[in-house]
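Notes to accompany the following structure.
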Amino acid sequence: MPKIDFKKQVLPHVVAVVFFLVVTILFFSPMFFQNQVIQQNDVLQGVSSGQEIIEYRERTGEEALWTNSMFSGMPAYLINIKYQGEQIIHFFQDVYSFGLPRQAEVIFKSILSFYILLLVFGVRPYLAVAGAIAYGLGTFNIVSLEAGHIWKIEAIAYMPLVLAGIHLTYRGKLLWGTTLTALALALELNSNHLQITYYLLLTVIIYGIAMLVDAIRNKNIAPFFTRSLLLVLAAVLAVGVNFARIWNTYQYGQYSTRGPSALTQAESNNNEGLDRDYVFAYSLNIAETFTLFIPDFSGGASNRNIGMNSNLAELLQGANYNRQQIQNFVSNAPTYWGGKISTSGPTYAGAVMVFLFFVGCFFAPQTHRIWLIVATVFSIMLTWGKYFPSLNYLLYDLLPGYNKFRTVEMAMVIALLCIPLLGLLGLEHLLKSEWNKVTKKRFFLAAEIPLGLALLLLVFAGAFGFEGPSDNRFLAQQGGEMFLEAIQDDRADLLRGDAFRSMILSLLAGALIFFFKQGKFAYIWLAAGIVVLSTFDLWAVGKRFLTEEDYVRERNQFAAMTATEADEYIMQQNEQKARVLNLMNPFNDALTSYFHSSIGGYHGAKLGRYQDLIDYHLSEEISSVIQSLQQGNTDFSNINVLNMLNARYFKAGDARNAVIINEHALGNAWLVGNIQEVNNADDAIEALGVTDLSNTAIVNTTDFSLEQSSYSQQGSIRLTSYEPNELVYQVDLPAESFAVFSEIYYPEGWLAYIDNEPVEHLRVNYILRGLPIPAGEHTIRFKFKPQSYYIGSSVSLVCSILLSLMLIVSIAMSARNIKQEA
C-alpha cells in the first residue's frame, strides 16, 4: 500500500472542510438551530411563477414545457424545467453540497471551490482557507442570497472550479485537468445564469492569452495547443451535458426581450439586445469602486439602521420627536449615495484580501500577476458602465452578446475572484522569498498603498458631496435641508468608520506577515491569524446585510402564497381559465401566477412582442382601468388589447369585493368575419388600438397569407380541455370561419391539428394565434412539442453518461498510479 503522510497530505484538507462547514453552519445558525429559512422575495416569485409547471409534473410525471400562468403564456424553459440526463449532474451537485440546506449550500460551495482553486495554484491549505472564506462570504454573495438570486450564486460558486480545471490542464495534469474542467463547466452551465458564465468566459480568455504569451516566451507552443484542444473537448462535453437547456435558452432568446425587435421603429439602435439605458441603469460610479476596500464607502445599502447615536437621531431629538418616531426614522435611513438608483449592499472584497492583492501585485509570479491585474481592472471598468461610456458603450456595440445583459455591476464577480487569488498567490511567494533588503522594500511599498488609501479616506472623508439618489424628495419637505444635512453627515461618518476599520485590519495583516518574516512565530500561527482576520472581516460585514430579521419560520416561508378571498372567488368562477390582471404592479408580480393565468408576471426575459404590448398598449390600458374604477365605471369596452388577452378578472386587492369582472373580455377563442392585412409589425401593433378585434383579425401579410379576407362569424367555438402543453377546442360551424385564439403565438414548438390532421396556424393581432377552419363539427388541438427539448434531452443524456465514464476513468487511473508508486 502507498505511504500517505496523513498529517501533511490529508489532515489540512480535513481541517479546512470541517472549518468551512462550521463557518457555514454558524453564519446561518437560525437555519440550523431554529428551523428558520431566509425570506427571499425572488424565491417566492420564482416558486409562484413555476407553480403550474410543478403541479403538472406531480400530476402527470411529464414536463410542462409551456405555462399560461405568466405574461399570458410563455415557454417554461427559464422557469422550472427538468431535462433527461440531469439526474447525473444533480448527483454531482448533491455530493458537492454535503447535504446542506439549499440557501446555505451555495455559499459553502463557493468557499470550497475557491479553496480548490487556490490549491491548484500552489497555495498551501491553511492559507487557502482565508481566501476561500473571503470569496464565499463576500457581500455580493450575501446580498444576492438575501434577495433570492440562488442560481446566480450557484454560477459564482463554480467559477473557481472551472478555472482550477483549466489551470490544472495547462500545468500538464491532462487527465484530471480535462475531467475537472468538463465537470465544473457542466455544473456552471447547469446553473443557467448566462451573465455570470459570460464573465467567466471573459476571465478565461484573459487567462488564456497570458498562457499563450508564456508558451511563446518559453517555446512551449505545441504543448499549449495540445492542452487547449483538450480543454475545447472538455467544453464541448460540458455543453453537451446541458445541450437541451442551452438550445432552448438560445432559441427562446431570439424571441425574448434579449432578441431582435419585431418593430422597425424600436428606440434601440441595435437590432438585437436590450436597450442601452436599461443595460447600464445599474452602473457603479468610479468612486464607488472603493467599496471593494471600504464597505460603507457609499453608505452600504439604500436604507440602513444608523442607530440612536447618529446625527439624524440628534437632529430629531432637538426637534422634539418622540423616541419611537426617531427609531422609525433611523432604522430605515437613506444612507446610499452611489451611482445606482438603489442597492441592497456593496461589492466588498474584504480589507484583508485587498491588502494582500497589493502584496500580490509585487510578489506573485509575473505571468499570473499580469493577467490577474488586467482581469481585475477590466472588470472594474465594466462596472462603471455609463460613467465610463468611452469603453462600455463601445463594448455594448461591438462585444458579442454583451448587450443582452443588464446590471453591469455584476461584472465585479471577475474582480471578486481575482483579488483573493492574486492576494494569496502573492502572499505564498512572499513567505517563500528571502527576507532581504529588496524584499522588505517591496513589502512596505505594497503595504503603503492600501494603508495610505484608507488613511486618506479617513482624513478627507468630508471632501465628498454625499448626494444620494433619494435626496431630492427630502428637500421638498419642511426642514428638509437640515434633515438632508444630518443624513449626509451620517454618510460621512459611515465612510470614516469603515476606512478606519479597513486600515486596522490591513495593519494587522501586515504586522502578521512582517513578524512572521522576522522569525517571531511559526507558519501555522501566521496562517491562523490571516484566517481569523479574513473570517472576522467578511463575517461582520456580511451580517450587516443578512440579519435575524431576514429569517422566518420554515412553515411561514410561503405564507404569501395563501389564497386570499379574491383568489378563492376567482378560482370558483373561472372554469374556462380566463386571465387575471392584478392591478397592483402587475409586471413585477408573480404571486398572481401561483393561482391564476396572469396577464402580468415577474421574469427577466419575457417575450419581446409581449413587452411591445406592454409598452404600446397594456400600460396605458391598465391606467385606464384604474381610472375607470376610481370613477365607478365598469364599462371596459375600450381596452382592446386586454380584452383580446381575455383579461376577465381585475384584482384590486385581497377582499372578495376587490374582484371586478370584465364582461368585454373576448374569451379563450372567438370567430371573426374580417381579415385586416398589414405590411409590417409596426402597423400590426398600431392597429390593435383602433380595430374592432371582436370582428377582425390583423394579419401581417409579409409573414403570413390567406386566400380570402372575409369569413362567417356564425357558429360556436369553446375550450373543452386545458393542459399547459395541450389545448383542445370544439367547433360547430355552418360555413368556413376564422378563429382567433387568445393564446400567445410561438413558432418553435406549437403545432395545430384539425381532427388530428396537422394544419398551419398563423400569428394574428401581433401576438395571438389564428386558424381558418372549414365548415362542420371539428376538434381543434394545439400541442407544444419543441424539438429543442426532445432531441436536446437525448444529447444531454448521452453526454452525461460520457462525463460519468470520464470521471470513473480518472479515478481508476489515479488509483493505479498510486499503486505503481507504492
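Following the order of the C-alpha cells, first chain is A, next is B, and so on, with residues numbered from 1 inside each chain and ligands from 1 in the order they appear.
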
Region 569-687 of chain A: residues DSSP assigns to strand (DSSP E), reported as a list of chain:residue names: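 These are the residues in question: A:Arg579, A:Val580, A:Leu581, A:Asn582, A:Ser597, A:Ser598, A:Ala647, A:Arg648, A:Tyr649, A:Phe650, A:Lys651, A:Val659, A:Ile660, A:Ile661, A:Ala669, A:Trp670, A:Leu671, A:Val672, A:Asn674, A:Ile675, A:Gln676, A:Glu677, A:Val678.
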
Let me see the file: selected residues, C-alpha atoms, as a tab-separated table (two decimals), in the first residue's frame.
chain	number	residue	atom	x	y	z
A	579	ARG	CA	-56.87	35.55	-17.35
A	580	VAL	CA	-56.44	37.67	-14.27
A	581	LEU	CA	-54.95	41.15	-14.10
A	582	ASN	CA	-53.58	42.20	-10.73
A	597	SER	CA	-53.37	32.60	-15.57
A	598	SER	CA	-51.92	36.07	-15.24
A	647	ALA	CA	-58.49	39.59	-19.06
A	648	ARG	CA	-61.81	38.74	-17.49
A	649	TYR	CA	-60.89	39.37	-13.85
A	650	PHE	CA	-59.34	42.54	-12.43
A	651	LYS	CA	-57.93	42.13	-8.95
A	659	VAL	CA	-62.55	41.47	-7.84
A	660	ILE	CA	-64.05	43.20	-10.85
A	661	ILE	CA	-65.41	41.09	-13.72
A	669	ALA	CA	-61.29	31.89	-28.67
A	670	TRP	CA	-63.73	33.68	-30.94
A	671	LEU	CA	-64.77	33.79	-34.59
A	672	VAL	CA	-64.10	36.85	-36.74
A	674	ASN	CA	-62.85	40.03	-41.45
A	675	ILE	CA	-59.10	39.93	-42.03
A	676	GLN	CA	-57.25	43.23	-41.93
A	677	GLU	CA	-53.97	42.96	-43.81
A	678	VAL	CA	-50.91	44.97	-42.75

12 Å contact set for region 749-757 of chain A, only C-alpha atoms, chain neighbours under 3 positions out, as a ChimeraX atom specification: /A:65-66,74-75,248,251-252,724-731,741,743-746,760-763,769-790

Within 12 Å of Glu663 (chain A), counting only C-alpha atoms, which residues qualify if same-chain residues fewer than 5 places away don't, as an mmCIF file with N, CA and C atoms, in the first residue's frame?
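Output (out_10.cif):
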data_model
loop_
_atom_site.group_PDB
_atom_site.id
_atom_site.type_symbol
_atom_site.label_atom_id
_atom_site.label_comp_id
_atom_site.auth_asym_id
_atom_site.auth_seq_id
_atom_site.Cartn_x
_atom_site.Cartn_y
_atom_site.Cartn_z
ATOM 1 N N ALA A 578 -59.898 31.850 -17.855
ATOM 2 C CA ALA A 578 -59.712 33.238 -18.276
ATOM 3 C C ALA A 578 -58.571 33.855 -17.480
ATOM 4 N N THR A 634 -67.524 50.610 -14.905
ATOM 5 C CA THR A 634 -67.080 49.242 -15.202
ATOM 6 C C THR A 634 -67.330 48.866 -16.660
ATOM 7 N N ASP A 635 -67.420 49.860 -17.522
ATOM 8 C CA ASP A 635 -67.525 49.611 -18.956
ATOM 9 C C ASP A 635 -66.110 49.588 -19.531
ATOM 10 N N PHE A 636 -65.636 48.385 -19.863
ATOM 11 C CA PHE A 636 -64.263 48.238 -20.330
ATOM 12 C C PHE A 636 -64.199 47.878 -21.814
ATOM 13 N N SER A 637 -65.123 48.387 -22.577
ATOM 14 C CA SER A 637 -65.156 48.061 -23.999
ATOM 15 C C SER A 637 -64.022 48.724 -24.780
ATOM 16 N N ASN A 638 -63.349 49.704 -24.162
ATOM 17 C CA ASN A 638 -62.320 50.459 -24.885
ATOM 18 C C ASN A 638 -60.909 49.914 -24.685
ATOM 19 N N ILE A 639 -60.759 48.834 -23.949
ATOM 20 C CA ILE A 639 -59.409 48.296 -23.708
ATOM 21 C C ILE A 639 -59.189 47.083 -24.615
ATOM 22 N N LEU A 642 -56.298 44.270 -23.678
ATOM 23 C CA LEU A 642 -56.651 43.467 -22.503
ATOM 24 C C LEU A 642 -57.828 42.549 -22.810
ATOM 25 N N ASN A 643 -58.768 43.030 -23.588
ATOM 26 C CA ASN A 643 -59.918 42.192 -23.933
ATOM 27 C C ASN A 643 -59.514 41.031 -24.827
ATOM 28 N N ASN A 646 -58.117 38.190 -23.055
ATOM 29 C CA ASN A 646 -59.088 37.509 -22.196
ATOM 30 C C ASN A 646 -58.876 37.839 -20.722
ATOM 31 N N ALA A 647 -58.630 39.128 -20.445
ATOM 32 C CA ALA A 647 -58.488 39.586 -19.063
ATOM 33 C C ALA A 647 -59.878 39.779 -18.469
ATOM 34 N N ARG A 648 -60.433 38.700 -17.978
ATOM 35 C CA ARG A 648 -61.814 38.736 -17.492
ATOM 36 C C ARG A 648 -61.912 39.213 -16.044
ATOM 37 N N TYR A 649 -60.843 39.018 -15.262
ATOM 38 C CA TYR A 649 -60.894 39.371 -13.846
ATOM 39 C C TYR A 649 -59.828 40.414 -13.518
ATOM 40 N N PHE A 650 -60.263 41.520 -12.939
ATOM 41 C CA PHE A 650 -59.344 42.535 -12.434
ATOM 42 C C PHE A 650 -59.299 42.407 -10.917
#

Sel. of alpha helix (DSSP H) residues, region 168-357 of chain A, as a VMD selection string: chain A and resid 168 to 170 174 to 190 194 to 217 221 to 241 243 to 253 276 to 279 311 to 318 323 to 330 351 to 357

A:Met503, A:Leu117, A:Val129, A:Ile206 ranked by distance to Ser534 (chain A), top pick (using only C-alpha atoms):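 Closest residue, counting only C-alpha atoms: A:Val129.
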
Selection near Ile166 (chain A), 7 Å with only C-alpha atoms, sequence-local residues under 5 positions removed, as a list in words: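 Returned residues: Gly177, Thr181 and Leu231 of chain A.
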
Selection to disk with N, CA and C atoms, as an mmCIF file, in the first residue's frame:
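Printed below is again-v5.cif as written:
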data_model
loop_
_atom_site.group_PDB
_atom_site.id
_atom_site.type_symbol
_atom_site.label_atom_id
_atom_site.label_comp_id
_atom_site.auth_asym_id
_atom_site.auth_seq_id
_atom_site.Cartn_x
_atom_site.Cartn_y
_atom_site.Cartn_z
ATOM 1 N N GLY A 177 -7.162 17.461 -15.201
ATOM 2 C CA GLY A 177 -7.484 18.819 -15.604
ATOM 3 C C GLY A 177 -8.653 18.861 -16.560
ATOM 4 N N THR A 181 -12.384 20.229 -15.612
ATOM 5 C CA THR A 181 -12.937 21.314 -16.434
ATOM 6 C C THR A 181 -14.302 20.934 -16.983
ATOM 7 N N LEU A 231 -8.996 21.129 -23.616
ATOM 8 C CA LEU A 231 -9.960 21.986 -22.922
ATOM 9 C C LEU A 231 -11.167 22.285 -23.801
#

Hey, could you make a per-residue contact list for region 536-559 of chain A against region 328-352 of chain A with 12 Å as the cut-off, showing the nearest pair of atoms and its distance in Å to one decimal, counting only C-alpha atoms, sorted by chain and number, as a Markdown table?
| residue | atom | partner | partner_atom | distance |
| --- | --- | --- | --- | --- |
| A:Phe536 | CA | A:Gly350 | CA | 9.9 |
| A:Asp537 | CA | A:Gly350 | CA | 6.4 |
| A:Leu538 | CA | A:Gly350 | CA | 6.1 |
| A:Trp539 | CA | A:Gly350 | CA | 9.8 |
| A:Ala540 | CA | A:Gly350 | CA | 10.5 |
| A:Val541 | CA | A:Tyr348 | CA | 8.4 |
| A:Gly542 | CA | A:Tyr348 | CA | 9.2 |
| A:Lys543 | CA | A:Gly345 | CA | 11.2 |
| A:Arg544 | CA | A:Gly345 | CA | 9.0 |
| A:Phe545 | CA | A:Gly345 | CA | 6.8 |
| A:Leu546 | CA | A:Gly345 | CA | 10.1 |

Option closest in space to Ala509 (chain A), from A:Val354, A:Ile306, A:Ala235, A:Ala287 [counting only C-alpha atoms]: A:Val354

Distance criterion (only C-alpha atoms): nearest to Val408 (chain A) out of A:His167, A:Arg323, A:Lys577, A:Arg276: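 Distance minimum relative to Val408 (chain A) lands on A:Arg276.
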
Separation of CA of Leu372 (chain A) from CA of Ala210 (chain A) in Å: 9.5 Å
